[in-house]
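Engineer: Sharing upload-v1.csv here; it has CSV, C-alpha atoms.
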chain,number,residue,atom,x,y,z
A,1,MET,CA,-13.8,-28.1,19.1
A,2,ASN,CA,-11.6,-30.6,17.3
A,3,GLU,CA,-9.5,-32.5,19.7
A,4,GLN,CA,-6.3,-31.6,17.8
A,5,ALA,CA,-7.1,-27.9,17.5
A,6,LEU,CA,-5.1,-27.0,20.6
A,7,ARG,CA,-2.3,-28.9,22.3
A,8,ILE,CA,-1.9,-28.6,26.1
A,9,THR,CA,1.5,-27.7,27.5
A,10,MET,CA,2.5,-27.8,31.1
A,11,GLY,CA,4.9,-25.0,31.8
A,12,PRO,CA,7.8,-24.6,34.3
A,13,VAL,CA,7.0,-24.4,38.0
A,14,PRO,CA,7.5,-20.7,38.7
A,15,TYR,CA,7.7,-21.1,42.5
A,16,LEU,CA,10.3,-22.6,44.8
A,17,TRP,CA,9.0,-26.1,45.6
A,18,GLU,CA,11.0,-28.8,47.4
A,19,GLY,CA,12.8,-31.1,44.9
A,20,THR,CA,10.7,-34.1,45.7
A,21,LYS,CA,7.5,-32.1,45.3
A,22,TRP,CA,8.7,-30.8,42.0
A,23,ARG,CA,9.7,-34.3,40.9
A,24,ASP,CA,6.4,-35.8,41.9
A,25,PHE,CA,4.4,-33.1,40.2
A,26,TYR,CA,6.0,-33.8,36.8
A,27,PHE,CA,5.7,-37.6,37.4
A,28,GLY,CA,2.0,-36.9,37.6
A,29,VAL,CA,2.1,-34.9,34.4
A,30,ALA,CA,3.8,-37.8,32.7
A,31,ASP,CA,0.9,-40.0,33.6
A,32,SER,CA,-1.7,-37.5,32.3
A,33,PRO,CA,-3.3,-38.5,29.0
A,34,VAL,CA,-4.3,-34.9,28.1
A,35,VAL,CA,-0.9,-33.1,28.5
A,36,ASP,CA,0.9,-33.1,25.2
A,37,ALA,CA,4.1,-31.1,25.9
A,38,VAL,CA,6.1,-30.0,28.9
A,39,THR,CA,8.5,-27.1,29.4
A,40,LEU,CA,10.5,-27.4,32.6
A,41,GLY,CA,13.5,-25.9,34.4
A,42,GLU,CA,14.3,-22.9,36.6
A,43,VAL,CA,13.1,-19.6,35.0
A,44,VAL,CA,12.9,-17.2,37.9
A,45,CYS,CA,16.0,-17.4,40.2
A,46,SER,CA,19.3,-19.2,39.6
A,47,LYS,CA,19.7,-19.8,43.4
A,48,ARG,CA,16.7,-22.2,43.2
A,49,GLU,CA,18.2,-24.4,40.5
A,50,HIS,CA,20.0,-26.8,42.8
A,51,PHE,CA,16.6,-27.8,44.3
A,52,ILE,CA,15.6,-29.4,41.0
A,53,ARG,CA,19.0,-30.4,39.6
A,54,PRO,CA,19.1,-33.9,41.3
A,55,PHE,CA,15.8,-34.8,39.8
A,56,LEU,CA,15.9,-33.3,36.4
A,57,ASP,CA,17.2,-36.3,34.5
A,58,GLU,CA,14.7,-38.8,35.9
A,59,VAL,CA,11.9,-36.3,35.3
A,60,ILE,CA,12.9,-35.9,31.7
A,61,GLU,CA,13.2,-39.6,31.2
A,62,ARG,CA,9.8,-40.2,32.7
A,63,LEU,CA,8.2,-37.6,30.6
A,64,GLU,CA,9.8,-38.7,27.4
A,65,ALA,CA,8.9,-42.4,28.1
A,66,ALA,CA,5.3,-41.2,28.4
A,67,GLY,CA,5.5,-39.7,24.9
A,68,LYS,CA,5.6,-36.0,26.0
A,69,GLU,CA,7.5,-33.4,24.0
A,70,VAL,CA,10.0,-31.9,26.5
A,71,ALA,CA,11.7,-28.5,26.3
A,72,LEU,CA,14.2,-27.0,28.8
A,73,ALA,CA,13.6,-23.4,29.8
A,74,THR,CA,16.4,-20.8,30.4
A,75,LEU,CA,16.4,-18.1,33.0
A,76,ALA,CA,14.4,-15.0,32.3
A,77,LEU,CA,17.1,-12.6,33.7
A,78,VAL,CA,20.8,-13.1,33.4
A,79,THR,CA,22.9,-10.8,35.6
A,80,LEU,CA,25.6,-12.9,37.1
A,81,GLU,CA,28.4,-15.0,35.8
A,82,ARG,CA,26.9,-18.2,37.3
A,83,GLU,CA,23.6,-17.3,35.5
A,84,ARG,CA,25.5,-16.9,32.2
A,85,GLN,CA,27.1,-20.3,32.7
A,86,LEU,CA,23.7,-21.9,33.6
A,87,THR,CA,22.2,-20.4,30.5
A,88,ARG,CA,25.1,-21.8,28.4
A,89,GLN,CA,24.7,-25.2,30.0
A,90,VAL,CA,21.0,-25.3,29.2
A,91,THR,CA,21.4,-24.1,25.6
A,92,GLN,CA,24.0,-26.7,25.0
A,93,SER,CA,21.5,-29.5,25.7
A,94,GLU,CA,20.6,-31.9,22.9
A,95,ARG,CA,16.9,-31.3,23.7
A,96,LEU,CA,14.7,-28.4,22.6
A,97,VAL,CA,15.4,-25.3,24.6
A,98,GLU,CA,13.0,-22.4,25.4
A,99,ALA,CA,14.8,-19.1,25.3
A,100,ASN,CA,13.6,-16.6,27.9
A,101,ASP,CA,16.4,-14.1,27.6
A,102,LEU,CA,18.2,-12.5,24.7
A,103,ALA,CA,21.5,-14.0,25.9
A,104,ALA,CA,19.9,-17.5,25.3
A,105,LEU,CA,18.7,-16.4,21.9
A,106,ALA,CA,22.2,-15.6,20.8
A,107,MET,CA,23.4,-19.0,22.0
A,108,LEU,CA,20.6,-20.8,20.1
A,109,ALA,CA,20.8,-18.9,16.8
A,110,GLY,CA,20.6,-21.3,13.9
A,111,ARG,CA,19.3,-24.2,16.0
A,112,PRO,CA,15.6,-25.3,16.4
A,113,HIS,CA,14.3,-23.8,19.6
A,114,HIS,CA,11.3,-22.3,21.3
A,115,ILE,CA,10.7,-18.7,22.5
A,116,GLY,CA,9.4,-18.2,26.0
A,117,PRO,CA,6.9,-15.6,27.3
A,118,PHE,CA,9.7,-13.4,28.7
A,119,VAL,CA,11.0,-12.5,25.2
A,120,ASN,CA,8.8,-9.7,23.9
A,121,VAL,CA,7.2,-10.5,20.6
A,122,TYR,CA,4.8,-7.7,19.8
A,123,ASN,CA,4.6,-7.8,16.0
A,124,GLY,CA,4.8,-10.0,12.9
A,125,PRO,CA,8.3,-8.9,11.7
A,126,THR,CA,9.7,-9.9,15.1
A,127,ALA,CA,8.1,-13.3,14.8
A,128,GLU,CA,9.4,-13.7,11.2
A,129,LEU,CA,12.9,-12.8,12.3
A,130,LEU,CA,12.9,-15.3,15.2
A,131,ALA,CA,11.5,-18.0,12.9
A,132,ARG,CA,14.4,-17.4,10.4
A,133,GLN,CA,16.9,-17.8,13.3
A,134,GLY,CA,15.5,-21.2,14.3
A,135,ALA,CA,12.4,-20.6,16.4
A,136,ARG,CA,9.8,-23.3,16.0
A,137,ARG,CA,7.3,-22.1,18.7
A,138,ILE,CA,6.7,-18.8,20.3
A,139,CYS,CA,4.9,-18.4,23.6
A,140,LEU,CA,3.4,-14.9,23.2
A,141,GLY,CA,3.1,-12.4,26.1
A,142,ALA,CA,-0.2,-12.7,28.0
A,143,GLU,CA,-1.0,-9.0,27.7
A,144,LEU,CA,-1.6,-9.2,23.9
A,145,PRO,CA,-5.3,-8.8,22.8
A,146,ALA,CA,-6.7,-11.2,20.3
A,147,GLN,CA,-6.4,-8.7,17.3
A,148,SER,CA,-2.7,-8.4,17.9
A,149,ILE,CA,-2.1,-12.1,18.2
A,150,ALA,CA,-4.0,-12.7,14.9
A,151,ARG,CA,-1.7,-10.2,13.1
A,152,ILE,CA,1.5,-11.9,14.5
A,153,THR,CA,0.4,-15.4,13.7
A,154,ALA,CA,-0.7,-14.4,10.2
A,155,ALA,CA,2.7,-12.7,9.5
A,156,ALA,CA,4.7,-15.9,10.4
A,157,PRO,CA,2.3,-18.8,9.9
A,158,ALA,CA,5.0,-21.5,9.5
A,159,ILE,CA,5.7,-21.9,13.2
A,160,ASP,CA,3.5,-22.7,16.3
A,161,TYR,CA,2.2,-20.2,18.8
A,162,GLU,CA,1.5,-20.7,22.5
A,163,LEU,CA,-0.3,-18.6,25.1
A,164,VAL,CA,-0.6,-18.9,28.9
A,165,ALA,CA,-4.2,-20.1,29.3
A,166,PHE,CA,-4.0,-20.7,33.1
A,167,GLY,CA,-2.0,-19.3,35.9
A,168,ARG,CA,-0.8,-16.1,37.6
A,169,LEU,CA,0.9,-14.0,35.0
A,170,PRO,CA,4.5,-12.8,35.2
A,171,LEU,CA,4.6,-9.0,35.2
A,172,ALA,CA,8.1,-8.1,36.0
A,173,ILE,CA,11.4,-9.5,37.1
A,174,SER,CA,14.2,-7.8,39.0
A,175,ALA,CA,17.8,-8.2,40.1
A,176,ARG,CA,16.6,-7.5,43.6
A,177,CYS,CA,14.4,-9.8,45.7
A,178,ALA,CA,11.3,-8.2,47.2
A,179,HIS,CA,10.3,-11.6,48.6
A,180,ALA,CA,13.4,-11.8,50.8
A,181,ARG,CA,13.1,-8.1,51.8
A,182,ALA,CA,9.5,-8.6,52.8
A,183,LYS,CA,10.7,-11.3,55.3
A,184,GLY,CA,13.6,-9.3,56.6
A,185,HIS,CA,16.4,-10.8,54.5
A,186,THR,CA,18.7,-9.7,51.7
A,187,LYS,CA,18.9,-11.4,48.4
A,188,ASP,CA,22.4,-12.8,49.1
A,189,ASN,CA,21.2,-14.2,52.4
A,190,CYS,CA,17.6,-14.9,51.5
A,191,GLN,CA,17.6,-18.4,53.2
A,192,PHE,CA,15.1,-19.4,50.5
A,193,VAL,CA,12.2,-17.9,52.3
A,194,CYS,CA,10.2,-17.9,49.1
A,195,GLY,CA,9.8,-21.6,49.7
A,196,GLU,CA,7.5,-20.7,52.5
A,197,ASP,CA,5.0,-19.5,49.9
A,198,PRO,CA,4.6,-22.3,47.3
A,199,ASP,CA,1.9,-20.2,45.5
A,200,GLY,CA,3.6,-16.8,45.9
A,201,LEU,CA,3.3,-14.1,48.6
A,202,ASP,CA,0.2,-12.0,48.1
A,203,VAL,CA,0.7,-8.2,48.6
A,204,ASP,CA,-2.0,-5.7,49.4
A,205,THR,CA,-2.0,-1.9,49.1
A,206,LEU,CA,-1.8,0.4,52.1
A,207,ASP,CA,-5.6,0.6,51.8
A,208,GLU,CA,-5.7,-3.2,52.1
A,209,GLN,CA,-6.8,-3.8,48.6
A,210,ALA,CA,-5.6,-6.9,46.8
A,211,PHE,CA,-2.7,-5.9,44.5
A,212,LEU,CA,0.0,-8.2,43.4
A,213,THR,CA,1.8,-11.5,44.2
A,214,ILE,CA,5.6,-11.7,44.8
A,215,ASN,CA,7.6,-14.7,43.8
A,216,GLY,CA,11.2,-14.3,44.7
A,217,VAL,CA,12.6,-11.7,42.3
A,218,GLN,CA,9.4,-11.9,40.2
A,219,THR,CA,6.3,-9.8,40.4
A,220,MET,CA,3.1,-11.7,39.3
A,221,SER,CA,-0.5,-10.9,38.9
A,222,ARG,CA,-2.8,-11.4,41.9
A,223,HIS,CA,-5.4,-12.9,39.6
A,224,CYS,CA,-5.2,-16.1,37.7
A,225,GLN,CA,-5.6,-15.9,33.9
A,226,ALA,CA,-8.1,-18.5,32.8
A,227,LEU,CA,-8.9,-18.6,29.1
A,228,ILE,CA,-11.2,-21.6,29.4
A,229,GLY,CA,-14.0,-19.8,27.7
A,230,ASP,CA,-11.8,-18.5,24.9
A,231,LEU,CA,-10.4,-21.6,23.4
A,232,ASP,CA,-12.4,-21.3,20.1
A,233,THR,CA,-11.0,-17.8,19.7
A,234,LEU,CA,-7.4,-18.9,20.4
A,235,ALA,CA,-7.6,-21.6,17.8
A,236,ARG,CA,-9.1,-19.2,15.3
A,237,ILE,CA,-6.4,-16.5,15.7
A,238,GLY,CA,-3.6,-19.0,15.2
A,239,ILE,CA,-2.7,-20.3,18.7
A,240,THR,CA,-1.6,-24.0,18.5
A,241,HIS,CA,-0.6,-24.6,22.2
A,242,ILE,CA,-2.2,-23.5,25.4
A,243,ARG,CA,0.2,-23.3,28.4
A,244,LEU,CA,-0.9,-24.2,31.9
A,245,SER,CA,1.4,-22.5,34.4
A,246,PRO,CA,1.7,-24.6,37.5
A,247,GLN,CA,0.0,-23.2,40.6
A,248,ASP,CA,-0.2,-24.9,44.0
A,249,CYS,CA,-3.4,-26.8,43.3
A,250,ASP,CA,-4.5,-29.9,41.4
A,251,MET,CA,-3.0,-29.0,38.0
A,252,LEU,CA,-3.9,-32.4,36.5
A,253,ALA,CA,-7.5,-31.6,37.3
A,254,VAL,CA,-7.0,-28.2,35.6
A,255,ALA,CA,-5.6,-29.9,32.5
A,256,GLY,CA,-8.6,-32.2,32.5
A,257,VAL,CA,-11.0,-29.3,32.5
A,258,PHE,CA,-9.2,-27.6,29.6
A,259,ALA,CA,-9.2,-30.8,27.6
A,260,GLY,CA,-12.9,-31.3,28.4
A,261,VAL,CA,-13.8,-27.8,27.1
A,262,ARG,CA,-11.5,-28.2,24.1
A,263,ASP,CA,-13.0,-31.5,23.1
A,264,GLY,CA,-16.6,-30.4,23.6
A,265,ARG,CA,-17.4,-32.5,26.7
A,266,LEU,CA,-17.8,-29.4,28.9
A,267,GLY,CA,-19.1,-26.0,28.2
A,268,GLY,CA,-17.0,-22.9,28.9
A,269,ALA,CA,-19.2,-21.8,31.8
A,270,GLU,CA,-19.1,-25.2,33.4
A,271,GLY,CA,-15.3,-25.3,33.0
A,272,THR,CA,-15.0,-21.9,34.6
A,273,ASP,CA,-16.9,-23.0,37.6
A,274,MET,CA,-14.8,-26.1,37.9
A,275,LEU,CA,-11.6,-24.1,37.8
A,276,ARG,CA,-12.8,-21.8,40.5
A,277,ALA,CA,-13.4,-24.8,42.7
A,278,ILE,CA,-10.0,-26.4,41.9
A,279,TYR,CA,-8.1,-23.1,42.5
A,280,PRO,CA,-10.0,-20.8,44.9
A,281,ALA,CA,-6.8,-19.0,45.9
A,282,ALA,CA,-7.0,-16.4,43.2
A,283,ALA,CA,-9.8,-14.7,41.2
A,284,LEU,CA,-10.0,-15.7,37.6
A,285,SER,CA,-9.4,-13.2,34.8
A,286,ASN,CA,-9.3,-13.1,31.0
A,287,GLY,CA,-9.2,-9.3,30.3
A,288,PHE,CA,-6.1,-9.1,28.2
A,289,ILE,CA,-7.3,-11.3,25.3
A,290,HIS,CA,-10.5,-9.1,25.1
A,291,GLY,CA,-8.5,-5.9,25.1
A,292,ALA,CA,-9.6,-5.1,28.6
A,293,PRO,CA,-7.6,-4.6,31.8
A,294,GLY,CA,-5.9,-7.9,32.5
A,295,MET,CA,-7.5,-8.3,35.9
A,296,ASP,CA,-11.0,-8.2,34.5
A,297,TRP,CA,-13.3,-11.1,33.8
A,298,VAL,CA,-15.1,-10.7,30.5
A,299,ALA,CA,-18.1,-13.1,30.4
A,300,ALA,CA,-18.7,-15.0,27.2
What would the structure in this file look like if it were written as structure tokens?

Structural biologist:
Amino acid sequence: MNEQALRITMGPVPYLWEGTKWRDFYFGVADSPVVDAVTLGEVVCSKREHFIRPFLDEVIERLEAAGKEVALATLALVTLERERQLTRQVTQSERLVEANDLAALAMLAGRPHHIGPFVNVYNGPTAELLARQGARRICLGAELPAQSIARITAAAPAIDYELVAFGRLPLAISARCAHARAKGHTKDNCQFVCGEDPDGLDVDTLDEQAFLTINGVQTMSRHCQALIGDLDTLARIGITHIRLSPQDCDMLAVAGVFAGVRDGRLGGAEGTDMLRAIYPAAALSNGFIHGAPGMDWVAA
């Protein structure tokens, strides 16, 4: 595959990490030669924002000095006044902003911006409308099959398209916090117990079958999407950026594997084996892109 066929994006950390861990993670991303663009900020819970706020400016400075394209993400769910104010603060930034909520879209109308995976874009006319309002890149929902993605990108080909190629997938977000409830707390007095699970809290069914992962107010897939063997398909159907969603593992090694397969130094099967070794905490899946259940693994 041509080296420029797909650009590698490192997405926002979805979990609650201590501020210094968060900072050091993105410092490492800045030093990575294979990561082209970075989207960062608090997307899941506004109560976590103060953990990263003291380090945000120096992280952005380090990333931009390394030549990375930086975008700031807004919250995926705005329910409180402080969340509306935080969204307004982010959207007023001079940098590119990724909108993850319709409230942010209204604030960004007419300005160049990105669309995050929490804004549903399921057809070409929606993509066209967003492009007319200033969208320059859309991160499509991970549940879309390849045929649907191809129709969307063909309808609005003037902008870039992104897809989560690695990471546990966001399935739902709520005003309530199941993570706090699971540990005997309320949302208002959560004591940030989600920080005890830097890779999310796995949940089983009553029959003790692996089911979902809880991350604060967010419900995520138990599996980890890994489109490592589908990069040729993604490029062919109009995807320009592949997003790596940070998990609690060596994400720089993950980025290196994706770059190796993209550039033809590694085969898809070899890359898959390497990802399983780097991130053994979750089973890999790629079902959605093949029109199968998302948790499935469809062999090349």

Engineer: Neighbours of region 122-124 of chain A within 10 Å (all atoms listed in the file; same-chain residues fewer than 4 positions away dropped), as an MDAnalysis selection string?

Structural biologist: chainID A and resid 128:130 140:141 143:144 148:157

Engineer: Rank A:Ala269, A:Thr219, A:Val59, A:Arg136 by their smallest atom-to-atom distance to Ala158 (chain A), using only C-alpha atoms, and report the top residue only.

Structural biologist: A:Arg136

Engineer: Considering only C-alpha atoms, can you say which of A:Gly294, A:Ala182, A:Lys187, A:Pro198 comes closest to Ser221 (chain A)?

Structural biologist: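 Ranking A:Gly294, A:Ala182, A:Lys187, A:Pro198 by distance to Ser221 (chain A), first place goes to A:Gly294.
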
Engineer: Rounded to one decimal place, report the CA of His290 (chain A)-CA of Gln147 (chain A) distance in Å.

Structural biologist: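 Separation of CA of His290 (chain A) and CA of Gln147 (chain A): 8.8 Å.
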
Engineer: In Å to one decimal, how far is CA of Asp230 (chain A) from CA of Val44 (chain A)?

Structural biologist: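 Separation between CA of Val44 (chain A) and CA of Asp230 (chain A): 27.9 Å.
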